[in-house]
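*Asks:* The structure that follows is given in the form of structure tokens.
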2 protein chains.
Amino acid sequence: MRHGGDLSDAAALVPDISDWIDLSTGINPHAWPVRGIAPRAWTALPGRADLARFLDAARAAYRAPAGARLVAAPGTEMLIGLIPLIAGGGPVAIAGPTYGSHERLWQAAGAAIAPLAPDRIGAIDRHAVIVRPNNPDGAMLDGATVMRIAERCARQDGLLVIDEAFVDCKPDSTLVHLAATHPVVVLRSFGKFHGLAGLRLGVAIGPPEITRALEARLGEWAVSGPALAIGTAALADAAWAAAMRQRLAREATRLDRLLAGAGFARPGGTPLFRLAHHPRAQDWHLALARSGLWTRRFDHDHEVLRFGLPGRRAHWQRLSAALAAGLQRRTG
Amino acid sequence: MRHGGDLSDAAALVPDISDWIDLSTGINPHAWPVRGIAPRAWTALPGRADLARFLDAARAAYRAPAGARLVAAPGTEMLIGLIPLIAGGGPVAIAGPTYGSHERLWQAAGAAIAPLAPDRIGAIDRHAVIVRPNNPDGAMLDGATVMRIAERCARQDGLLVIDEAFVDCKPDSTLVHLAATHPVVVLRSFGKFHGLAGLRLGVAIGPPEITRALEARLGEWAVSGPALAIGTAALADAAWAAAMRQRLAREATRLDRLLAGAGFARPGGTPLFRLAHHPRAQDWHLALARSGLWTRRFDHDHEVLRFGLPGRRAHWQRLSAALAAGLQRRTG
């Protein structure tokens with residue numbers, strides 16, 4: 001499977017399950033509460049004023065520096081696909097293994113891909129991509145190194161993409177300030193932390209020449225009225241975000257404990273997903289799938305699984321029971 | 001103004017109006033009734049199964065032939081922008097004056113633009129664009145001519161785009177069958193006839209090689225979960241569509257009568273918008289704006305205005321009163 005979050009893959013593997021629990025994504029199971037949406041958001045074309053209100057809220061919530069501009073898209077996935085098209089060619093160094101769409105979409109645009117090794121920044125030929133915190137392992141490349149990469153890209157008329165899709169749980173670690181001084185595009189994903197991935201809403205923050213090129217490619221009215229309205233209200237809701245950060249941190253700790261009890265080791269990731277190691281991770285993937293729990297496996301490492309947070313109490317119980325049953329089968 | 005539908009333009013012209021009636025678009029004011037949306041549509045990434053259900057409903061509603069494929073996008077505007085990028089270069093003949101985004105976005109992709117004259121099909125150098133019914137005048141190029149244009153484009157390895165954004169009121173006049181036999185892309189807009197333009201949902205119907213190239217450019221999850229869910233339900237609601245066609249036809253007749261009373265002549269367009277001629281159309285545009293009614297004027301012809309349908313009774317009354325007052329000023 002190329003991505004998490006599509007239960008068609010789960011159903012193909014284990015066809016007879018009707019009530020899947022999807023732990024294959026890093027989407028917050030406790031969505032920001034969508035209340036009454038003004039009918040106008042559905043019926044009218046989103047106007048410039050609607051877009052401006054959303055971008056103001058995003059600028060504040062995402063701490064975009066004064067020198068940078070913001071552009072909204074129907075999900076960051078589309079931005080990830082557009083950036084290689086506006087980057088002007090040339091090879092790209094990608095810090096990996098990481099979220100696969102970066103490599104796939106640079107490749108689709110004809111770019112040569114190289115691994116980005118933090119200790120060999122001089123080898124970056126033009127552009128670079130860093131997912132920070134990284135998906136799936138949560139690694140945070142240190143700020144000084146990222147700054148040196150940004151400088152290297154600048155000297156080569158290249159772009160540095162910093163995908164901060166999962167930074168919301170630790171907002172202080174954003175490097176968005178680089179977007180004011182370097183050819184850096186920071187990507188922020190609305191749907192993951194706010195639990196509204198179906199809404200399709202993502203933001204790129206970068207220097208004006210980059211964001212204007214993205215805007216031109218996206219065209220007019222790319223983002224839906226409900227996405228703009230809900231995004232504007234949700235990003236202004238700092239109290240919800242602060243409480244949610246604490247809640248997700250608690251639940252991630254709880255998930256780590258549960259996984260440790262089943263023999264999973266070296267937990268990593270972010271509060272929205274946990275990556276854990278197990279020599280028989282593939283067996284666990286299948287065993288959990290047979291219990292209706294869909295986790296994320298990876299081709300690059302067969303000894304890890306990624307777990308999103310269960311949402312409801314019943315989902316925690318089913319995960320807990322499935323882990324206990326799996327253990328019993330193995331040791332029994 | 002480049003488009004209708006953005007009251008920022010209206011507010012710039014007449015700043016002190018707080019309750020604009022937007023008649024500048026061709027969006028049905030009687031929206032398909034959006035009822036409870038399953039929370040999953042907001043929270044989960046739209047899965048392949050969600051997309052497939054929508055495309056099945058769209059295939060049936062839009063009468064797509066078996067040989068053609070469908071691709072969904074967050075609005076047809078994005079498809080209009082992508083088509084020139086996948087067309088492989090070369091000049092394009094556009095039947096105009098018409099919806100401006102076609103010319104603007106082919107030009108942005110570097111294509112040379114020529115006018116498409118139906119009696120000089122031999123002059124088409126590679127690609128062609130026909131909006132049918134045409135926006136703003138409602139002109140319907142006859143099917144035999146369109147077929148000859150499609151054949152000409154096919155011989156030149158070109159594309160013919162048939163933008164059927166406003167065909168919903170007369171579904172029998174679709175030329176979608178050409179998409180099975182020719183390099184023809186038919187564009188269908190969900191939001192206009194269903195009155196849900198904010199949702200952002202459009203469909204391209206064409207040969208597999210074209211739709212697959214569009215899919216690759218759009219990337220994954222381009223359309224929101226609510227758009228897919230609402231689109232699926234609404235396109236299956238044939239009873240609503242049939243009743244709405246009758247209602248819109250009645251209201252268009254009523255609007256024509258109202259405009260004729262104010263001296264507007266030669267009404268044209270589609271039931272979703274009426275184009276009407278008046279030697280002092282520019283004065284009317286301003287006078288109506290001062291009454292809080294925002295109509296659509298055009299740079300290419302200063303003697304026409306386009307009127308969308310008023311929705312509520314109060315909006316009809318305000319239009320009627322503003323037309324009467326304008327007449328009185330002129331004759332008084």
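Chains: A, B, ... in order of the structure tokens. Residues: from 1 per chain. Ligands: from 1, in order shown.
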Residues of chain B within 8 Å of chain A, using only C-alpha atoms, as a PyMOL selection string?
*Replies:* chain B and resi 5-8+27+29+31+40-49+74-75+77-78+81+191+195-200+217-226
*Asks:* Excluding Pro65 of chain B and its own-chain neighbours fewer than 5 positions away, which residues fall within 8 Å of it when counting only C-alpha atoms? Please give them as a PyMOL selection string.
*Replies:* chain B and resi 59+176-177+179-180
*Asks:* How would chain B read as a short mmCIF file (atom, residue, chain, number, x, y, z; two decimals) with C-alpha atoms, in the first residue's frame after a least-squares superposition onto chain A over every Cα atom, matched in order?
*Replies:*
```cif
data_model
loop_
_atom_site.label_atom_id
_atom_site.label_comp_id
_atom_site.auth_asym_id
_atom_site.auth_seq_id
_atom_site.Cartn_x
_atom_site.Cartn_y
_atom_site.Cartn_z
CA MET B 1 0.02 -0.03 -0.03
CA ARG B 2 1.28 3.39 -0.96
CA HIS B 3 -0.49 5.32 1.80
CA GLY B 4 -2.38 4.69 4.95
CA GLY B 5 -5.97 5.73 5.24
CA ASP B 6 -7.66 3.68 2.56
CA LEU B 7 -9.54 0.70 3.93
CA SER B 8 -9.86 -0.71 0.41
CA ASP B 9 -6.36 -2.11 1.02
CA ALA B 10 -7.49 -3.60 4.31
CA ALA B 11 -10.57 -5.17 2.73
CA ALA B 12 -8.41 -6.69 -0.01
CA LEU B 13 -6.25 -8.40 2.62
CA VAL B 14 -9.01 -9.51 5.00
CA PRO B 15 -12.32 -9.35 3.13
CA ASP B 16 -14.76 -10.43 5.84
CA ILE B 17 -14.42 -7.55 8.31
CA SER B 18 -17.21 -5.03 8.42
CA ASP B 19 -16.10 -2.70 11.20
CA TRP B 20 -12.48 -1.77 10.56
CA ILE B 21 -10.65 0.45 12.99
CA ASP B 22 -8.29 2.52 10.89
CA LEU B 23 -4.98 3.01 12.71
CA SER B 24 -3.09 3.38 9.43
CA THR B 25 -3.00 7.18 9.39
CA GLY B 26 -1.76 9.98 11.60
CA ILE B 27 -5.12 11.73 11.60
CA ASN B 28 -6.33 12.91 15.00
CA PRO B 29 -9.37 10.77 15.92
CA HIS B 30 -10.74 13.66 18.02
CA ALA B 31 -11.77 16.03 15.29
CA TRP B 32 -12.26 19.73 15.88
CA PRO B 33 -16.04 19.96 16.39
CA VAL B 34 -17.60 21.14 13.15
CA ARG B 35 -20.76 23.02 14.07
CA GLY B 36 -23.31 24.66 11.82
CA ILE B 37 -21.76 25.75 8.57
CA ALA B 38 -23.34 28.80 6.99
CA PRO B 39 -25.20 27.61 3.87
CA ARG B 40 -23.34 30.28 1.92
CA ALA B 41 -20.13 28.26 2.33
CA TRP B 42 -21.71 25.51 0.21
CA THR B 43 -23.64 27.56 -2.26
CA ALA B 44 -21.46 30.53 -3.20
CA LEU B 45 -18.09 30.51 -4.86
CA PRO B 46 -15.52 31.19 -2.15
CA GLY B 47 -14.72 34.88 -2.54
CA ARG B 48 -11.42 36.65 -2.11
CA ALA B 49 -12.57 37.88 1.28
CA ASP B 50 -13.26 34.30 2.47
CA LEU B 51 -9.80 33.25 1.35
CA ALA B 52 -8.15 36.27 2.96
CA ARG B 53 -9.84 35.53 6.31
CA PHE B 54 -8.57 31.97 6.23
CA LEU B 55 -5.05 33.01 5.30
CA ASP B 56 -5.02 35.56 8.15
CA ALA B 57 -6.02 32.84 10.61
CA ALA B 58 -3.42 30.49 9.15
CA ARG B 59 -0.71 33.15 9.29
CA ALA B 60 -1.34 33.62 12.99
CA ALA B 61 -1.77 29.95 13.89
CA TYR B 62 1.24 28.82 11.88
CA ARG B 63 3.38 31.82 12.99
CA ALA B 64 4.26 32.75 9.43
CA PRO B 65 6.86 35.54 9.37
CA ALA B 66 6.04 38.93 7.85
CA GLY B 67 8.24 38.41 4.81
CA ALA B 68 6.48 35.21 3.74
CA ARG B 69 3.18 34.68 1.92
CA LEU B 70 0.65 31.88 2.33
CA VAL B 71 -1.21 29.91 -0.28
CA ALA B 72 -4.10 27.55 0.43
CA ALA B 73 -4.72 24.31 -1.44
CA PRO B 74 -7.19 21.43 -1.27
CA GLY B 75 -4.74 19.41 0.81
CA THR B 76 -0.95 19.49 1.06
CA GLU B 77 -0.75 16.49 -1.28
CA MET B 78 -1.56 18.80 -4.20
CA LEU B 79 1.13 21.25 -3.04
CA ILE B 80 3.65 18.40 -2.84
CA GLY B 81 2.81 17.64 -6.48
CA LEU B 82 3.01 21.26 -7.65
CA ILE B 83 6.29 22.24 -6.02
CA PRO B 84 8.47 20.11 -8.34
CA LEU B 85 6.67 21.70 -11.32
CA ILE B 86 7.53 25.24 -10.26
CA ALA B 87 11.03 24.48 -8.96
CA GLY B 88 12.62 24.87 -12.36
CA GLY B 89 14.18 21.42 -12.78
CA GLY B 90 17.32 19.95 -11.32
CA PRO B 91 17.95 17.17 -8.82
CA VAL B 92 16.45 16.96 -5.37
CA ALA B 93 17.89 15.51 -2.17
CA ILE B 94 15.26 13.94 0.08
CA ALA B 95 15.86 13.08 3.73
CA GLY B 96 14.38 9.60 3.98
CA PRO B 97 12.87 7.17 4.36
CA THR B 98 9.91 9.50 4.61
CA TYR B 99 6.42 10.17 3.32
CA GLY B 100 6.51 8.62 -0.14
CA SER B 101 4.67 11.27 -2.15
CA HIS B 102 7.65 13.62 -2.10
CA GLU B 103 9.90 11.22 -3.98
CA ARG B 104 7.12 9.96 -6.24
CA LEU B 105 6.02 13.43 -7.33
CA TRP B 106 9.52 14.88 -7.83
CA GLN B 107 10.22 11.82 -9.93
CA ALA B 108 7.01 12.33 -11.90
CA ALA B 109 8.23 15.85 -12.67
CA GLY B 110 11.45 14.41 -14.05
CA ALA B 111 13.78 15.23 -11.15
CA ALA B 112 16.69 12.99 -10.20
CA ILE B 113 16.38 11.91 -6.57
CA ALA B 114 19.27 11.56 -4.14
CA PRO B 115 19.25 10.75 -0.44
CA LEU B 116 19.85 13.75 1.81
CA ALA B 117 22.54 12.91 4.35
CA PRO B 118 22.72 15.64 7.03
CA ASP B 119 26.51 15.22 7.25
CA ARG B 120 26.97 15.67 3.50
CA ILE B 121 25.09 18.86 2.75
CA GLY B 122 27.68 19.74 0.13
CA ALA B 123 26.33 16.90 -1.96
CA ILE B 124 22.93 18.59 -2.41
CA ASP B 125 22.84 19.48 -6.09
CA ARG B 126 19.93 21.91 -6.15
CA HIS B 127 16.73 21.25 -4.16
CA ALA B 128 16.04 19.47 -0.88
CA VAL B 129 13.07 18.03 0.99
CA ILE B 130 12.86 17.52 4.75
CA VAL B 131 9.81 16.17 6.55
CA ARG B 132 10.05 17.52 10.09
CA PRO B 133 9.03 15.85 12.29
CA ASN B 134 9.67 12.98 9.95
CA ASN B 135 6.98 10.53 9.03
CA PRO B 136 7.11 7.73 10.14
CA ASP B 137 9.94 7.92 12.71
CA GLY B 138 9.37 11.39 14.16
CA ALA B 139 13.01 12.40 13.63
CA MET B 140 13.67 16.14 13.96
CA LEU B 141 16.65 17.30 11.97
CA ASP B 142 18.31 19.99 14.10
CA GLY B 143 17.61 23.60 13.20
CA ALA B 144 21.25 24.52 12.54
CA THR B 145 21.57 21.75 9.97
CA VAL B 146 18.33 22.74 8.28
CA MET B 147 19.60 26.33 8.12
CA ARG B 148 22.77 25.17 6.40
CA ILE B 149 20.68 23.15 3.92
CA ALA B 150 18.54 26.22 3.25
CA GLU B 151 21.68 28.24 2.56
CA ARG B 152 23.03 25.59 0.26
CA CYS B 153 19.74 25.49 -1.71
CA ALA B 154 19.70 29.30 -1.89
CA ARG B 155 23.22 29.40 -3.38
CA GLN B 156 22.09 26.94 -6.09
CA ASP B 157 18.86 28.76 -6.91
CA GLY B 158 17.11 25.72 -5.48
CA LEU B 159 14.19 25.21 -3.13
CA LEU B 160 14.08 23.66 0.31
CA VAL B 161 10.73 22.07 1.17
CA ILE B 162 10.10 21.61 4.88
CA ASP B 163 7.01 19.46 5.30
CA GLU B 164 5.68 20.26 8.78
CA ALA B 165 2.52 18.17 8.37
CA PHE B 166 2.92 16.79 11.90
CA VAL B 167 4.48 19.74 13.75
CA ASP B 168 1.19 20.89 15.31
CA CYS B 169 1.74 18.91 18.49
CA LYS B 170 5.01 20.81 19.09
CA PRO B 171 4.38 24.18 17.48
CA ASP B 172 7.54 25.73 18.93
CA SER B 173 9.72 23.53 16.77
CA THR B 174 8.49 25.02 13.49
CA LEU B 175 11.18 26.43 11.21
CA VAL B 176 8.70 28.64 9.37
CA HIS B 177 10.84 31.73 10.03
CA LEU B 178 13.23 30.46 7.32
CA ALA B 179 10.51 31.16 4.74
CA ALA B 180 11.14 34.89 5.19
CA THR B 181 14.86 34.73 4.48
CA HIS B 182 15.51 31.69 2.29
CA PRO B 183 13.93 29.89 -0.69
CA VAL B 184 12.10 27.69 1.79
CA VAL B 185 8.53 26.41 1.43
CA VAL B 186 6.96 25.19 4.64
CA LEU B 187 3.95 22.90 4.25
CA ARG B 188 1.25 22.77 6.90
CA SER B 189 -1.57 20.27 6.86
CA PHE B 190 -4.86 21.34 8.42
CA GLY B 191 -6.62 17.99 8.40
CA LYS B 192 -4.24 15.87 10.46
CA PHE B 193 -4.07 17.68 13.81
CA HIS B 194 -7.63 18.96 13.47
CA GLY B 195 -8.88 15.50 12.53
CA LEU B 196 -10.60 16.72 9.37
CA ALA B 197 -8.63 15.11 6.56
CA GLY B 198 -11.74 14.76 4.38
CA LEU B 199 -12.04 18.52 4.23
CA ARG B 200 -8.89 18.83 2.07
CA LEU B 201 -7.01 21.88 3.29
CA GLY B 202 -3.31 22.57 3.30
CA VAL B 203 -1.09 25.63 3.31
CA ALA B 204 2.27 26.49 1.80
CA ILE B 205 4.27 29.30 3.38
CA GLY B 206 7.15 30.73 1.42
CA PRO B 207 8.71 33.66 -0.40
CA PRO B 208 6.29 35.55 -2.68
CA GLU B 209 7.77 34.29 -5.95
CA ILE B 210 7.17 30.69 -4.88
CA THR B 211 3.69 31.14 -3.43
CA ARG B 212 2.56 33.17 -6.43
CA ALA B 213 3.71 30.42 -8.79
CA LEU B 214 1.78 27.89 -6.69
CA GLU B 215 -1.31 30.13 -6.73
CA ALA B 216 -1.18 30.38 -10.51
CA ARG B 217 -1.01 26.59 -10.80
CA LEU B 218 -3.88 26.07 -8.37
CA GLY B 219 -6.12 28.52 -10.15
CA GLU B 220 -9.17 30.15 -8.65
CA TRP B 221 -11.46 28.63 -6.04
CA ALA B 222 -9.24 25.61 -5.49
CA VAL B 223 -10.31 25.32 -1.84
CA SER B 224 -13.95 24.70 -0.96
CA GLY B 225 -16.09 27.19 0.96
CA PRO B 226 -16.66 24.78 3.88
CA ALA B 227 -12.90 24.14 4.14
CA LEU B 228 -12.18 27.88 4.30
CA ALA B 229 -14.96 28.53 6.81
CA ILE B 230 -14.09 25.61 9.08
CA GLY B 231 -10.35 26.21 8.71
CA THR B 232 -10.74 29.86 9.69
CA ALA B 233 -12.72 29.05 12.82
CA ALA B 234 -10.62 26.06 13.84
CA LEU B 235 -7.24 27.76 13.45
CA ALA B 236 -8.47 30.64 15.63
CA ASP B 237 -9.44 28.17 18.36
CA ALA B 238 -6.22 28.23 20.35
CA ALA B 239 -7.87 26.80 23.47
CA TRP B 240 -8.94 23.67 21.61
CA ALA B 241 -5.45 23.27 20.17
CA ALA B 242 -3.74 23.65 23.55
CA ALA B 243 -6.03 21.12 25.22
CA MET B 244 -5.70 18.75 22.27
CA ARG B 245 -1.91 18.81 22.44
CA GLN B 246 -2.08 17.64 26.05
CA ARG B 247 -4.68 15.02 25.30
CA LEU B 248 -2.75 13.59 22.33
CA ALA B 249 0.46 13.46 24.36
CA ARG B 250 -1.32 11.47 27.09
CA GLU B 251 -2.87 9.10 24.58
CA ALA B 252 0.43 8.55 22.78
CA THR B 253 2.00 7.55 26.09
CA ARG B 254 -0.88 5.16 26.70
CA LEU B 255 -0.44 3.64 23.24
CA ASP B 256 3.31 3.21 23.80
CA ARG B 257 2.61 1.31 27.03
CA LEU B 258 0.08 -0.93 25.31
CA LEU B 259 2.53 -1.70 22.50
CA ALA B 260 5.40 -2.30 24.91
CA GLY B 261 3.25 -4.90 26.65
CA ALA B 262 3.04 -6.79 23.36
CA GLY B 263 6.80 -6.68 22.88
CA PHE B 264 7.05 -3.64 20.63
CA ALA B 265 10.20 -1.65 21.32
CA ARG B 266 11.84 1.71 20.64
CA PRO B 267 8.67 3.77 20.20
CA GLY B 268 9.01 6.87 18.06
CA GLY B 269 6.93 9.14 15.88
CA THR B 270 4.75 12.03 16.98
CA PRO B 271 1.74 12.08 19.32
CA LEU B 272 -0.47 11.54 16.22
CA PHE B 273 1.19 8.27 15.28
CA ARG B 274 3.61 5.87 16.95
CA LEU B 275 6.22 3.87 15.13
CA ALA B 276 7.29 0.77 17.01
CA HIS B 277 9.76 -2.01 16.34
CA HIS B 278 9.08 -5.71 16.51
CA PRO B 279 11.03 -8.51 14.84
CA ARG B 280 7.71 -10.02 13.77
CA ALA B 281 6.04 -6.76 12.77
CA GLN B 282 4.63 -8.34 9.58
CA ASP B 283 2.91 -11.08 11.57
CA TRP B 284 1.46 -8.46 13.88
CA HIS B 285 0.21 -6.45 10.90
CA LEU B 286 -1.71 -9.48 9.65
CA ALA B 287 -2.91 -10.61 13.08
CA LEU B 288 -4.21 -7.13 13.89
CA ALA B 289 -5.85 -6.92 10.47
CA ARG B 290 -7.66 -10.18 11.16
CA SER B 291 -8.99 -8.48 14.30
CA GLY B 292 -10.19 -5.55 12.21
CA LEU B 293 -7.34 -3.20 13.15
CA TRP B 294 -5.63 -1.69 10.16
CA THR B 295 -2.06 -0.55 10.87
CA ARG B 296 0.60 0.80 8.56
CA ARG B 297 3.47 -1.40 7.42
CA PHE B 298 6.43 -0.24 5.35
CA ASP B 299 8.37 -1.73 2.49
CA HIS B 300 11.63 -0.15 3.63
CA ASP B 301 11.65 -1.80 7.05
CA HIS B 302 9.78 -4.99 7.82
CA GLU B 303 10.42 -4.71 11.54
CA VAL B 304 8.31 -1.62 12.20
CA LEU B 305 4.62 -0.83 12.28
CA ARG B 306 2.98 2.56 12.59
CA PHE B 307 -0.09 2.99 14.77
CA GLY B 308 -2.46 5.92 14.71
CA LEU B 309 -4.31 6.70 17.94
CA PRO B 310 -7.51 4.77 18.58
CA GLY B 311 -10.32 7.23 19.13
CA ARG B 312 -13.21 5.84 21.11
CA ARG B 313 -12.93 3.71 24.23
CA ALA B 314 -14.22 0.70 22.26
CA HIS B 315 -11.34 1.09 19.81
CA TRP B 316 -8.77 1.13 22.62
CA GLN B 317 -10.37 -1.99 24.01
CA ARG B 318 -10.28 -3.80 20.68
CA LEU B 319 -6.62 -2.89 20.16
CA SER B 320 -5.80 -3.98 23.68
CA ALA B 321 -7.69 -7.27 23.25
CA ALA B 322 -6.13 -7.97 19.86
CA LEU B 323 -2.63 -7.38 21.23
CA ALA B 324 -3.32 -9.67 24.19
CA ALA B 325 -4.76 -12.38 21.94
CA GLY B 326 -1.82 -12.12 19.57
CA LEU B 327 0.62 -12.49 22.46
CA GLN B 328 -1.21 -15.52 23.77
CA ARG B 329 -1.14 -17.23 20.37
CA ARG B 330 2.57 -16.62 20.14
CA THR B 331 3.47 -17.76 23.65
CA GLY B 332 0.71 -20.35 24.00
#
```
*Asks:* DSSP says alpha helix (DSSP H) for which residues of segment 43-236 of chain B? Put them as a PyMOL selection string?
*Replies:* chain B and resi 43+48-61+76-86+100-108+143-155+190-193+208-218+225-235
*Asks:* Quick one: pick out all strand (DSSP E) residues within segment 65-179 of chain A from a backbone DSSP run and write them as an NGL selection string.
*Replies:* :A and (69-73 or 92-94 or 113-115 or 127-131 or 160-163)
*Asks:* Now that the selection is made, can you save its residues with N, CA, C and O atoms as a compact mmCIF listing (two decimals), in the first residue's frame?
*Replies:*
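So the final result, stored in part10.txt, reads:
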```
# COMPACT_ATOMS: atom_id res chain seq x y z
N ARG A 69 4.60 34.69 2.29
CA ARG A 69 3.18 34.65 1.89
C ARG A 69 2.63 33.24 2.10
O ARG A 69 3.39 32.28 2.17
N LEU A 70 1.30 33.16 2.14
CA LEU A 70 0.65 31.87 2.33
C LEU A 70 -0.22 31.57 1.12
O LEU A 70 -0.84 32.48 0.55
N VAL A 71 -0.30 30.30 0.76
CA VAL A 71 -1.22 29.89 -0.29
C VAL A 71 -1.96 28.65 0.21
O VAL A 71 -1.38 27.78 0.85
N ALA A 72 -3.27 28.64 -0.04
CA ALA A 72 -4.11 27.53 0.43
C ALA A 72 -4.40 26.58 -0.73
O ALA A 72 -4.58 27.02 -1.87
N ALA A 73 -4.46 25.31 -0.42
CA ALA A 73 -4.72 24.29 -1.44
C ALA A 73 -5.68 23.26 -0.87
O ALA A 73 -5.83 23.15 0.35
N VAL A 92 16.95 16.67 -6.70
CA VAL A 92 16.45 16.96 -5.36
C VAL A 92 17.01 15.93 -4.38
O VAL A 92 17.05 14.74 -4.70
N ALA A 93 17.45 16.40 -3.23
CA ALA A 93 17.90 15.51 -2.16
C ALA A 93 16.78 15.40 -1.14
O ALA A 93 16.26 16.41 -0.67
N ILE A 94 16.38 14.16 -0.84
CA ILE A 94 15.26 13.94 0.08
C ILE A 94 15.76 13.18 1.30
O ILE A 94 16.39 12.12 1.18
N ILE A 113 16.53 11.94 -8.03
CA ILE A 113 16.38 11.92 -6.56
C ILE A 113 17.68 11.41 -5.94
O ILE A 113 18.26 10.43 -6.42
N ALA A 114 18.14 12.05 -4.89
CA ALA A 114 19.29 11.56 -4.13
C ALA A 114 18.91 11.55 -2.67
O ALA A 114 18.03 12.32 -2.25
N PRO A 115 19.53 10.68 -1.88
CA PRO A 115 19.27 10.76 -0.44
C PRO A 115 19.93 12.00 0.16
O PRO A 115 21.00 12.40 -0.30
N HIS A 127 17.87 21.13 -5.09
CA HIS A 127 16.74 21.24 -4.16
C HIS A 127 16.87 20.22 -3.02
O HIS A 127 17.62 19.26 -3.14
N ALA A 128 16.08 20.44 -1.98
CA ALA A 128 16.06 19.47 -0.88
C ALA A 128 14.67 19.40 -0.27
O ALA A 128 13.89 20.36 -0.35
N VAL A 129 14.36 18.24 0.31
CA VAL A 129 13.09 18.03 1.00
C VAL A 129 13.36 17.41 2.36
O VAL A 129 14.09 16.41 2.46
N ILE A 130 12.78 18.02 3.39
CA ILE A 130 12.88 17.51 4.76
C ILE A 130 11.47 17.43 5.32
O ILE A 130 10.72 18.43 5.26
N VAL A 131 11.08 16.28 5.84
CA VAL A 131 9.81 16.17 6.54
C VAL A 131 10.16 16.23 8.04
O VAL A 131 10.97 15.45 8.53
N LEU A 160 14.15 24.60 -0.79
CA LEU A 160 14.09 23.65 0.31
C LEU A 160 12.63 23.54 0.74
O LEU A 160 12.00 24.54 1.11
N VAL A 161 12.09 22.31 0.68
CA VAL A 161 10.73 22.06 1.16
C VAL A 161 10.84 21.50 2.57
O VAL A 161 11.54 20.49 2.79
N ILE A 162 10.18 22.15 3.53
CA ILE A 162 10.10 21.61 4.89
C ILE A 162 8.64 21.24 5.13
O ILE A 162 7.78 22.12 5.24
N ASP A 163 8.38 19.95 5.14
CA ASP A 163 7.01 19.46 5.30
C ASP A 163 6.74 19.31 6.80
O ASP A 163 7.23 18.39 7.44
```
